[in-house]
>>> print(open('target_18.txt').read())   # compact mmCIF, C-alpha atoms and all ligand atoms
# COMPACT_ATOMS: atom_id res chain seq x y z
CA MET X 1 0.00 0.00 0.00
CA MET X 2 1.30 3.43 -0.90
CA PRO X 3 1.29 5.88 2.05
CA GLU X 4 -1.10 8.21 0.23
CA ASP X 5 -3.69 5.43 0.22
CA PHE X 6 -3.91 5.52 4.01
CA ILE X 7 -6.73 7.69 5.33
CA PHE X 8 -6.78 8.56 9.03
CA ARG X 9 -9.18 10.93 10.77
CA GLN X 10 -9.40 11.75 14.47
CA LEU X 11 -12.90 12.95 15.41
CA PHE X 12 -13.96 14.38 18.77
CA ASP X 13 -17.12 14.33 20.90
CA SER X 14 -16.84 17.27 23.27
CA GLU X 15 -19.63 15.98 25.57
CA SER X 16 -17.75 12.80 26.59
CA CYS X 17 -14.28 13.91 25.44
CA THR X 18 -14.14 10.79 23.26
CA TYR X 19 -11.98 10.35 20.18
CA THR X 20 -13.44 8.35 17.31
CA TYR X 21 -11.10 7.22 14.55
CA LEU X 22 -11.82 6.61 10.89
CA ILE X 23 -9.20 4.48 9.20
CA ALA X 24 -9.44 3.60 5.54
CA ASP X 25 -7.60 2.31 2.55
CA GLY X 26 -8.24 4.96 -0.10
CA ALA X 27 -7.40 2.58 -2.92
CA SER X 28 -10.07 -0.01 -2.16
CA GLY X 29 -12.34 2.41 -0.27
CA GLN X 30 -12.69 0.01 2.67
CA ALA X 31 -12.93 1.68 6.07
CA VAL X 32 -13.27 0.95 9.79
CA ILE X 33 -14.58 3.32 12.44
CA ILE X 34 -13.29 2.86 15.97
CA ASP X 35 -15.14 3.99 19.12
CA PRO X 36 -18.03 5.86 17.47
CA VAL X 37 -20.37 7.86 19.74
CA ILE X 38 -24.13 7.56 19.18
CA GLN X 39 -24.74 11.33 19.14
CA LYS X 40 -22.11 11.74 16.39
CA VAL X 41 -23.33 9.07 13.96
CA ASP X 42 -24.67 11.59 11.42
CA ARG X 43 -21.37 13.48 11.39
CA ASP X 44 -19.32 10.31 11.05
CA LEU X 45 -21.42 8.74 8.29
CA GLN X 46 -21.41 12.02 6.37
CA LEU X 47 -17.62 11.99 6.46
CA VAL X 48 -17.56 8.38 5.28
CA ALA X 49 -19.85 9.33 2.37
CA ASP X 50 -17.92 12.52 1.56
CA LEU X 51 -14.70 10.52 1.27
CA GLY X 52 -16.40 7.89 -0.90
CA LEU X 53 -15.63 5.10 1.55
CA THR X 54 -17.36 1.82 2.36
CA LEU X 55 -17.55 1.22 6.08
CA ILE X 56 -17.07 -2.49 6.74
CA TYR X 57 -16.42 -2.50 10.51
CA ALA X 58 -17.59 -0.45 13.51
CA ALA X 59 -15.17 -1.53 16.22
CA ASN X 60 -14.87 -0.60 19.87
CA THR X 61 -11.76 -0.76 22.01
CA HIS X 62 -13.94 -1.87 24.97
CA VAL X 63 -17.39 -1.56 26.53
CA HIS X 64 -17.45 2.14 27.37
CA ALA X 65 -18.90 3.49 30.60
CA ASP X 66 -19.13 7.19 29.72
CA HIS X 67 -20.99 7.27 26.39
CA ILE X 68 -23.16 5.03 24.22
CA THR X 69 -21.52 3.50 21.20
CA GLY X 70 -22.65 4.53 17.72
CA SER X 71 -22.02 1.02 16.33
CA GLY X 72 -25.65 -0.15 16.54
CA LYS X 73 -27.11 3.00 15.00
CA MET X 74 -24.55 2.82 12.19
CA LYS X 75 -25.49 -0.81 11.53
CA THR X 76 -29.12 0.17 11.00
CA ARG X 77 -28.03 2.79 8.46
CA LEU X 78 -25.49 0.63 6.64
CA PRO X 79 -26.62 -2.94 6.01
CA GLY X 80 -23.59 -5.20 5.91
CA LEU X 81 -21.64 -3.18 8.47
CA LYS X 82 -20.23 -5.49 11.15
CA SER X 83 -19.83 -4.50 14.78
CA VAL X 84 -16.57 -5.61 16.36
CA LEU X 85 -15.63 -6.11 20.02
CA SER X 86 -13.22 -8.26 21.99
CA GLU X 87 -14.60 -11.61 23.13
CA ALA X 88 -13.43 -10.84 26.68
CA SER X 89 -15.73 -7.79 26.81
CA GLY X 90 -18.81 -9.92 27.27
CA GLY X 91 -20.89 -7.66 25.02
CA ASP X 92 -22.77 -8.33 21.78
CA ALA X 93 -21.07 -7.94 18.39
CA ASP X 94 -21.02 -9.48 14.92
CA LEU X 95 -17.31 -10.22 15.13
CA PHE X 96 -15.39 -11.08 18.29
CA LEU X 97 -11.68 -10.42 18.60
CA ASN X 98 -8.94 -12.10 20.59
CA HIS X 99 -5.31 -11.18 21.21
CA GLY X 100 -3.26 -11.63 18.05
CA ASP X 101 -6.18 -11.40 15.65
CA VAL X 102 -5.82 -9.21 12.59
CA LEU X 103 -8.54 -7.06 11.02
CA ASN X 104 -8.03 -6.59 7.30
CA VAL X 105 -9.24 -3.30 5.88
CA GLY X 106 -8.35 -3.04 2.22
CA SER X 107 -4.62 -3.60 1.95
CA PHE X 108 -3.72 -2.75 5.51
CA GLU X 109 -3.79 -4.83 8.66
CA ILE X 110 -4.85 -3.91 12.18
CA GLU X 111 -3.30 -6.13 14.85
CA VAL X 112 -5.35 -6.70 17.99
CA ARG X 113 -3.48 -6.64 21.29
CA ALA X 114 -5.32 -7.43 24.51
CA THR X 115 -4.62 -4.63 27.01
CA PRO X 116 -6.93 -5.38 29.98
CA GLY X 117 -6.85 -3.48 33.26
CA HIS X 118 -9.24 -0.55 32.67
CA THR X 119 -11.77 -3.26 31.76
CA ASN X 120 -11.30 -6.99 31.15
CA GLY X 121 -11.99 -6.62 27.45
CA CYS X 122 -9.82 -3.63 26.49
CA VAL X 123 -7.82 -3.96 23.29
CA THR X 124 -5.26 -1.81 21.51
CA TYR X 125 -5.36 -1.69 17.72
CA VAL X 126 -1.91 -1.53 16.06
CA VAL X 127 -1.33 -0.48 12.45
CA HIS X 128 2.32 -1.47 11.97
CA GLN X 129 2.41 -0.22 8.38
CA GLN X 130 1.64 3.31 9.59
CA ARG X 131 3.61 3.06 12.85
CA LEU X 132 0.64 3.90 15.07
CA ALA X 133 -1.66 2.36 17.66
CA LEU X 134 -5.09 3.22 19.03
CA THR X 135 -4.84 2.57 22.74
CA GLY X 136 -8.46 2.97 23.84
CA ASP X 137 -8.58 3.78 27.56
CA ALA X 138 -5.55 1.66 28.45
CA LEU X 139 -3.22 4.57 27.78
CA LEU X 140 -4.22 8.24 27.60
CA VAL X 141 -1.79 11.05 26.82
CA ARG X 142 0.11 11.52 30.13
CA GLY X 143 -2.54 9.37 31.82
CA CYS X 144 -4.42 6.09 31.66
CA GLY X 145 -7.85 4.63 32.14
CA ARG X 146 -9.20 4.39 35.65
CA THR X 147 -9.34 0.96 37.29
CA ASP X 148 -12.07 1.30 39.90
CA PHE X 149 -14.99 -0.42 38.10
CA GLN X 150 -15.76 -2.86 35.21
CA GLN X 151 -13.28 -5.44 36.53
CA GLY X 152 -10.60 -2.76 36.66
CA ASN X 153 -7.23 -3.95 37.93
CA SER X 154 -4.28 -1.57 38.27
CA ALA X 155 -1.51 -4.18 38.24
CA ARG X 156 -3.03 -5.77 35.15
CA LEU X 157 -3.26 -2.39 33.41
CA TYR X 158 0.38 -1.64 34.22
CA GLN X 159 1.47 -4.99 32.78
CA SER X 160 -0.73 -4.55 29.69
CA VAL X 161 0.72 -1.14 28.88
CA HIS X 162 4.32 -2.15 29.51
CA GLU X 163 4.12 -5.46 27.68
CA GLN X 164 1.82 -4.59 24.77
CA ILE X 165 2.22 -0.83 24.15
CA PHE X 166 5.62 0.20 25.52
CA SER X 167 7.11 -2.79 23.66
CA LEU X 168 6.29 -1.08 20.35
CA PRO X 169 9.09 0.98 18.74
CA ASP X 170 9.68 4.37 20.40
CA ASP X 171 8.51 6.38 17.40
CA PHE X 172 5.08 4.71 17.13
CA LYS X 173 2.32 7.30 17.48
CA LEU X 174 -0.30 6.54 20.12
CA PHE X 175 -3.88 7.78 19.82
CA PRO X 176 -6.11 7.55 22.92
CA ALA X 177 -9.90 7.11 23.19
CA HIS X 178 -10.23 10.17 25.43
CA ASP X 179 -8.51 13.35 26.31
CA TYR X 180 -9.47 15.83 29.03
CA LYS X 181 -6.57 18.28 28.64
CA GLY X 182 -6.43 19.12 24.94
CA PHE X 183 -3.91 16.53 23.78
CA THR X 184 -4.47 14.59 20.57
CA VAL X 185 -1.55 12.22 20.11
CA THR X 186 1.64 11.04 21.77
CA THR X 187 4.42 8.54 21.13
CA VAL X 188 5.70 5.41 22.83
CA LYS X 189 8.88 7.23 23.83
CA GLU X 190 7.02 10.21 25.31
CA GLU X 191 4.78 8.05 27.45
CA LYS X 192 7.55 5.71 28.59
CA THR X 193 9.44 8.71 29.93
CA LEU X 194 6.81 11.38 30.69
CA ASN X 195 3.63 9.55 31.71
CA PRO X 196 3.23 10.56 35.37
CA ARG X 197 1.62 7.22 36.26
CA LEU X 198 3.03 4.60 33.93
CA SER X 199 6.67 5.73 33.99
CA LYS X 200 6.74 4.70 37.67
CA SER X 201 7.24 1.22 39.16
CA GLU X 202 4.26 -1.14 39.22
CA GLU X 203 3.99 -0.71 42.99
CA GLU X 204 3.93 3.09 42.74
CA PHE X 205 1.42 2.91 39.88
CA VAL X 206 -0.98 0.75 41.92
CA ALA X 207 -0.77 3.25 44.79
CA ILE X 208 -1.42 6.21 42.46
CA MET X 209 -4.47 4.52 40.96
CA ALA X 210 -5.84 3.60 44.40
CA GLY X 211 -5.71 7.28 45.37
CA LEU X 212 -7.44 8.81 42.33
CA ASN X 213 -10.94 9.00 43.87
CA LEU X 214 -12.58 10.06 40.60
CA PRO X 215 -16.34 10.62 40.44
CA TYR X 216 -18.18 7.99 38.39
CA PRO X 217 -18.88 8.95 34.75
CA LYS X 218 -22.25 10.70 34.62
CA MET X 219 -23.55 8.34 31.88
CA ILE X 220 -22.41 5.07 33.45
CA ASP X 221 -25.83 3.71 34.39
CA ALA X 222 -27.16 4.24 30.87
CA ALA X 223 -23.98 3.46 28.96
CA LEU X 224 -23.07 0.01 30.30
CA PRO X 225 -26.37 -1.81 29.60
CA ALA X 226 -26.68 -0.17 26.18
CA ASN X 227 -23.08 -0.85 25.18
CA LEU X 228 -23.31 -4.52 26.20
CA LYS X 229 -26.02 -4.67 23.49
CA CYS X 230 -23.94 -2.82 20.88
CA GLY X 231 -25.96 0.39 21.34
CA LEU X 232 -29.03 -1.32 19.88
CA GLN X 233 -31.03 -2.01 23.07
CA ASN X 234 -31.45 -0.50 26.54
CA LEU X 235 -31.19 3.01 25.10
CA PRO X 236 -32.42 6.04 27.03
CA GLU X 237 -35.58 7.41 25.43
CA GLU X 238 -33.88 10.51 24.01
CA LEU X 239 -31.37 8.38 22.09
CA GLU X 240 -33.76 5.81 20.65
CA PHE X 241 -33.79 5.56 16.85
CA ASP X 242 -35.77 3.76 14.14
CA GLU X 243 -34.30 0.45 13.05
N1 LIG T 301 -16.13 13.02 33.75
C1 LIG T 301 -16.36 12.06 32.74
C2 LIG T 301 -15.67 10.74 33.04
C3 LIG T 301 -14.19 10.86 33.18
C4 LIG T 301 -13.59 9.48 33.38
O1 LIG T 301 -13.79 8.85 34.38
N2 LIG T 301 -12.90 8.99 32.34
C5 LIG T 301 -12.44 7.64 32.33
C6 LIG T 301 -12.52 7.09 30.93
S1 LIG T 301 -14.20 6.96 30.45
S2 LIG T 301 -14.81 5.46 31.63
C7 LIG T 301 -11.04 7.48 32.82
O2 LIG T 301 -10.53 6.40 32.82
N3 LIG T 301 -10.38 8.57 33.27
C8 LIG T 301 -9.04 8.48 33.75
C9 LIG T 301 -8.62 9.76 34.41
O3 LIG T 301 -7.53 9.77 34.97
O4 LIG T 301 -9.37 10.74 34.36
C10 LIG T 301 -17.84 11.74 32.59
O5 LIG T 301 -18.60 12.03 33.51
O6 LIG T 301 -18.18 11.16 31.57
>>> encode(input="target_18.txt", output="structure tokens")
Amino acid sequence: MMPEDFIFRQLFDSESCTYTYLIADGASGQAVIIDPVIQKVDRDLQLVADLGLTLIYAANTHVHADHITGSGKMKTRLPGLKSVLSEASGGDADLFLNHGDVLNVGSFEIEVRATPGHTNGCVTYVVHQQRLALTGDALLVRGCGRTDFQQGNSARLYQSVHEQIFSLPDDFKLFPAHDYKGFTVTTVKEEKTLNPRLSKSEEEFVAIMAGLNLPYPKMIDAALPANLKCGLQNLPEELEFDE
């Protein structure tokens, strides 16, 4: 694949501070959307249409607790679109992923790396050909996902990040699923050295995470049941849509 065939867009939902990624092979037109947000489906599908792409997968990095996925709503708009989630997530999907699996999108490959700890089912998507990875909530720029619910486990998160993300080459770009400070991207080298949590020892990391005391996400009670059903069922009334 020629570099100019690679299409990459980082999209933002300012309500939940979520990044959605559109990745496509311009030559074949095949595309995948990662971590779509239900309120942004119109925007995202308009972009897909504007770029003349065919969306084949709507994938999530994990079952989110702070927003409802757009995967289900997209599926009702695009027959043939497959929802994708890790098997360990325990949620519904058309295609289940496990560590080491590869998603083919046109002529490029997305490697699936299990990075549990924020949740049991978290995965990181690695595009070696483009020297980048989408880290979901496992690794945020200068931060990481919280570990105080959804089977969160700080030691497991530390090991996931060190073994599966920090083992990538230093120059690989890392794109998170959220940002609360205005960052968009980082690199393996930056986070290995500058991440205030993950650059520490495992013991120090576990202590830092135990002391975070973050308030629960405001959408958690609505988001979890809906996301376990791919954003197709258990929706709050204001987000229901025609199938
Ligand atoms: N205030 C937000 C939720 C913020 C939050 O808890 N974010 C999560 C990822 S979404 S479950 C997280 O892991 N944050 C880590 C951190 O250090 O902030 C809301 O109400 O939606």
>>> closest_residue(input="target_18.txt", among="X:Asp35, X:Cys144, X:Gln150, X:Ile165", to="Pro196 in chain X", atoms="all atoms listed in the file")
X:Cys144
>>> residues_around(input="target_18.txt", residues="range 10-22 of chain X", least_positions_apart="3", cutoff="10 Å", atoms="only C-alpha atoms", output="PyMOL selection string")
chain X and resi 7+31-40+43-44+47-48+55+58-60+66-68+70+134+136-137+175-182+184-185+217-219
>>> closest_residue(input="target_18.txt", among="X:Leu45, X:Ala65, X:Ala222, X:Leu97", to="Val112 in chain X", atoms="only C-alpha atoms")
X:Leu97
>>> closest_residue(input="target_18.txt", among="X:Glu204, X:Asp170, X:Asp148, X:Glu238", to="ligand LIG 301 (chain T)", atoms="only C-alpha atoms and all ligand atoms")
X:Asp148
>>> atom_distance(input="target_18.txt", atom1="CA of Phe149 in chain X", atom2="atom S2 of ligand LIG 301 (chain T)")
8.7 Å
>>> closest_residue(input="target_18.txt", among="X:Thr135, X:Ser71, X:Ser28, X:Gln164", to="Gly100 in chain X", atoms="only C-alpha atoms")
X:Gln164
>>> closest_residue(input="target_18.txt", among="X:His99, X:Lys192, X:His118, X:Lys200", to="ligand LIG 301 (chain T)", atoms="all atoms listed in the file")
X:His118
>>> residues_around(input="target_18.txt", residues="Leu194 in chain X", least_positions_apart="6", cutoff="12 Å", atoms="all atoms listed in the file", output="PyMOL selection string")
chain X and resi 140-143+186-188+200
>>> closest_residue(input="target_18.txt", among="X:Leu103, X:Ala24, X:Val123, X:Leu235", to="Glu87 in chain X", atoms="all atoms listed in the file")
X:Val123
>>> residues_around(input="target_18.txt", residues="Leu81 in chain X", least_positions_apart="2", cutoff="6 Å", atoms="only C-alpha atoms", output="list of chain:residue names")
X:Ile56, X:Tyr57, X:Lys75, X:Leu78, X:Pro79
>>> write_last_selection(input="target_18.txt", atoms="C-alpha atoms", output="mmCIF file, in the coordinates of the input")
data_model
loop_
_atom_site.group_PDB
_atom_site.id
_atom_site.type_symbol
_atom_site.label_atom_id
_atom_site.label_comp_id
_atom_site.auth_asym_id
_atom_site.auth_seq_id
_atom_site.Cartn_x
_atom_site.Cartn_y
_atom_site.Cartn_z
ATOM 1 C CA ILE X 56 -17.070 -2.490 6.740
ATOM 2 C CA TYR X 57 -16.420 -2.500 10.510
ATOM 3 C CA LYS X 75 -25.490 -0.810 11.530
ATOM 4 C CA LEU X 78 -25.490 0.630 6.640
ATOM 5 C CA PRO X 79 -26.620 -2.940 6.010
#
>>> atom_distance(input="target_18.txt", atom1="CA of Val161 in chain X", atom2="CA of Leu174 in chain X")
11.7 Å
>>> residues_near_point(input="target_18.txt", point="(2.8, -1.1, 5.7)", cutoff="7 Å", atoms="all atoms listed in the file", output="list in words")
Met1, Phe108, His128, Gln129 and Gln130 of chain X
>>> atom_distance(input="target_18.txt", atom1="atom C1 of ligand LIG 301 (chain T)", atom2="CA of Ile220 in chain X")
9.3 Å
>>> build_atoms(input="target_18.txt", residues="range 168-204 of chain X", atoms="N, CA and C atoms", output="PDB file, in the frame of the given file")
ATOM      1  N   LEU X 168       6.260  -1.538  21.744  1.00  0.00           N
ATOM      2  CA  LEU X 168       6.290  -1.080  20.350  1.00  0.00           C
ATOM      3  C   LEU X 168       7.499  -0.142  20.180  1.00  0.00           C
ATOM      4  N   PRO X 169       7.970   0.061  18.945  1.00  0.00           N
ATOM      5  CA  PRO X 169       9.090   0.980  18.740  1.00  0.00           C
ATOM      6  C   PRO X 169       8.784   2.387  19.272  1.00  0.00           C
ATOM      7  N   ASP X 170       9.841   3.069  19.754  1.00  0.00           N
ATOM      8  CA  ASP X 170       9.680   4.370  20.400  1.00  0.00           C
ATOM      9  C   ASP X 170       8.943   5.405  19.558  1.00  0.00           C
ATOM     10  N   ASP X 171       9.090   5.323  18.241  1.00  0.00           N
ATOM     11  CA  ASP X 171       8.510   6.380  17.400  1.00  0.00           C
ATOM     12  C   ASP X 171       7.042   6.126  17.061  1.00  0.00           C
ATOM     13  N   PHE X 172       6.492   4.978  17.455  1.00  0.00           N
ATOM     14  CA  PHE X 172       5.080   4.710  17.130  1.00  0.00           C
ATOM     15  C   PHE X 172       4.207   5.794  17.755  1.00  0.00           C
ATOM     16  N   LYS X 173       3.281   6.325  16.957  1.00  0.00           N
ATOM     17  CA  LYS X 173       2.320   7.300  17.480  1.00  0.00           C
ATOM     18  C   LYS X 173       1.205   6.559  18.210  1.00  0.00           C
ATOM     19  N   LEU X 174       0.759   7.139  19.306  1.00  0.00           N
ATOM     20  CA  LEU X 174      -0.300   6.540  20.120  1.00  0.00           C
ATOM     21  C   LEU X 174      -1.487   7.503  20.174  1.00  0.00           C
ATOM     22  N   PHE X 175      -2.653   6.973  19.835  1.00  0.00           N
ATOM     23  CA  PHE X 175      -3.880   7.780  19.820  1.00  0.00           C
ATOM     24  C   PHE X 175      -4.845   7.215  20.856  1.00  0.00           C
ATOM     25  N   PRO X 176      -5.240   8.034  21.840  1.00  0.00           N
ATOM     26  CA  PRO X 176      -6.110   7.550  22.920  1.00  0.00           C
ATOM     27  C   PRO X 176      -7.591   7.650  22.557  1.00  0.00           C
ATOM     28  N   ALA X 177      -8.439   7.021  23.393  1.00  0.00           N
ATOM     29  CA  ALA X 177      -9.900   7.110  23.190  1.00  0.00           C
ATOM     30  C   ALA X 177     -10.497   8.326  23.863  1.00  0.00           C
ATOM     31  N   HIS X 178      -9.731   8.966  24.757  1.00  0.00           N
ATOM     32  CA  HIS X 178     -10.230  10.170  25.430  1.00  0.00           C
ATOM     33  C   HIS X 178      -9.085  11.139  25.633  1.00  0.00           C
ATOM     34  N   ASP X 179      -9.458  12.401  25.758  1.00  0.00           N
ATOM     35  CA  ASP X 179      -8.510  13.350  26.310  1.00  0.00           C
ATOM     36  C   ASP X 179      -9.278  14.451  27.024  1.00  0.00           C
ATOM     37  N   TYR X 180      -8.796  14.827  28.200  1.00  0.00           N
ATOM     38  CA  TYR X 180      -9.470  15.830  29.030  1.00  0.00           C
ATOM     39  C   TYR X 180      -8.640  17.104  29.157  1.00  0.00           C
ATOM     40  N   LYS X 181      -7.486  17.129  28.456  1.00  0.00           N
ATOM     41  CA  LYS X 181      -6.570  18.280  28.640  1.00  0.00           C
ATOM     42  C   LYS X 181      -6.212  18.972  27.339  1.00  0.00           C
ATOM     43  N   GLY X 182      -6.734  18.477  26.218  1.00  0.00           N
ATOM     44  CA  GLY X 182      -6.430  19.120  24.940  1.00  0.00           C
ATOM     45  C   GLY X 182      -5.369  18.430  24.122  1.00  0.00           C
ATOM     46  N   PHE X 183      -4.883  17.288  24.571  1.00  0.00           N
ATOM     47  CA  PHE X 183      -3.910  16.530  23.780  1.00  0.00           C
ATOM     48  C   PHE X 183      -4.617  15.682  22.720  1.00  0.00           C
ATOM     49  N   THR X 184      -3.885  15.399  21.649  1.00  0.00           N
ATOM     50  CA  THR X 184      -4.470  14.590  20.570  1.00  0.00           C
ATOM     51  C   THR X 184      -3.694  13.309  20.301  1.00  0.00           C
ATOM     52  N   VAL X 185      -2.413  13.340  20.508  1.00  0.00           N
ATOM     53  CA  VAL X 185      -1.550  12.220  20.110  1.00  0.00           C
ATOM     54  C   VAL X 185      -0.281  12.258  20.952  1.00  0.00           C
ATOM     55  N   THR X 186       0.353  11.104  21.085  1.00  0.00           N
ATOM     56  CA  THR X 186       1.640  11.040  21.770  1.00  0.00           C
ATOM     57  C   THR X 186       2.480   9.968  21.083  1.00  0.00           C
ATOM     58  N   THR X 187       3.600   9.610  21.679  1.00  0.00           N
ATOM     59  CA  THR X 187       4.420   8.540  21.130  1.00  0.00           C
ATOM     60  C   THR X 187       4.787   7.572  22.251  1.00  0.00           C
ATOM     61  N   VAL X 188       5.261   6.401  21.845  1.00  0.00           N
ATOM     62  CA  VAL X 188       5.700   5.410  22.830  1.00  0.00           C
ATOM     63  C   VAL X 188       6.801   6.016  23.705  1.00  0.00           C
ATOM     64  N   LYS X 189       7.756   6.688  23.074  1.00  0.00           N
ATOM     65  CA  LYS X 189       8.880   7.230  23.830  1.00  0.00           C
ATOM     66  C   LYS X 189       8.412   8.280  24.852  1.00  0.00           C
ATOM     67  N   GLU X 190       7.529   9.172  24.393  1.00  0.00           N
ATOM     68  CA  GLU X 190       7.020  10.210  25.310  1.00  0.00           C
ATOM     69  C   GLU X 190       6.374   9.598  26.527  1.00  0.00           C
ATOM     70  N   GLU X 191       5.524   8.605  26.317  1.00  0.00           N
ATOM     71  CA  GLU X 191       4.780   8.050  27.450  1.00  0.00           C
ATOM     72  C   GLU X 191       5.670   7.196  28.353  1.00  0.00           C
ATOM     73  N   LYS X 192       6.634   6.512  27.757  1.00  0.00           N
ATOM     74  CA  LYS X 192       7.550   5.710  28.590  1.00  0.00           C
ATOM     75  C   LYS X 192       8.290   6.618  29.573  1.00  0.00           C
ATOM     76  N   THR X 193       8.608   7.832  29.101  1.00  0.00           N
ATOM     77  CA  THR X 193       9.440   8.710  29.930  1.00  0.00           C
ATOM     78  C   THR X 193       8.626   9.743  30.703  1.00  0.00           C
ATOM     79  N   LEU X 194       7.507  10.226  30.122  1.00  0.00           N
ATOM     80  CA  LEU X 194       6.810  11.380  30.690  1.00  0.00           C
ATOM     81  C   LEU X 194       5.466  11.066  31.331  1.00  0.00           C
ATOM     82  N   ASN X 195       4.935   9.848  31.125  1.00  0.00           N
ATOM     83  CA  ASN X 195       3.630   9.550  31.710  1.00  0.00           C
ATOM     84  C   ASN X 195       3.761   9.550  33.239  1.00  0.00           C
ATOM     85  N   PRO X 196       3.015  10.427  33.923  1.00  0.00           N
ATOM     86  CA  PRO X 196       3.230  10.560  35.370  1.00  0.00           C
ATOM     87  C   PRO X 196       2.789   9.339  36.167  1.00  0.00           C
ATOM     88  N   ARG X 197       2.032   8.443  35.561  1.00  0.00           N
ATOM     89  CA  ARG X 197       1.620   7.220  36.260  1.00  0.00           C
ATOM     90  C   ARG X 197       2.443   6.022  35.788  1.00  0.00           C
ATOM     91  N   LEU X 198       2.490   5.855  34.485  1.00  0.00           N
ATOM     92  CA  LEU X 198       3.030   4.600  33.930  1.00  0.00           C
ATOM     93  C   LEU X 198       4.548   4.587  33.798  1.00  0.00           C
ATOM     94  N   SER X 199       5.200   5.733  34.004  1.00  0.00           N
ATOM     95  CA  SER X 199       6.670   5.730  33.990  1.00  0.00           C
ATOM     96  C   SER X 199       7.226   5.287  35.349  1.00  0.00           C
ATOM     97  N   LYS X 200       6.327   5.114  36.321  1.00  0.00           N
ATOM     98  CA  LYS X 200       6.740   4.700  37.670  1.00  0.00           C
ATOM     99  C   LYS X 200       6.837   3.172  37.768  1.00  0.00           C
ATOM    100  N   SER X 201       7.232   2.673  38.940  1.00  0.00           N
ATOM    101  CA  SER X 201       7.240   1.220  39.160  1.00  0.00           C
ATOM    102  C   SER X 201       5.793   0.728  39.271  1.00  0.00           C
ATOM    103  N   GLU X 202       5.624  -0.579  39.127  1.00  0.00           N
ATOM    104  CA  GLU X 202       4.260  -1.140  39.220  1.00  0.00           C
ATOM    105  C   GLU X 202       3.655  -0.830  40.603  1.00  0.00           C
ATOM    106  N   GLU X 203       4.481  -0.963  41.628  1.00  0.00           N
ATOM    107  CA  GLU X 203       3.990  -0.710  42.990  1.00  0.00           C
ATOM    108  C   GLU X 203       3.509   0.747  43.158  1.00  0.00           C
ATOM    109  N   GLU X 204       4.314   1.676  42.635  1.00  0.00           N
ATOM    110  CA  GLU X 204       3.930   3.090  42.740  1.00  0.00           C
ATOM    111  C   GLU X 204       2.666   3.367  41.919  1.00  0.00           C
TER     112      GLU X 204
END
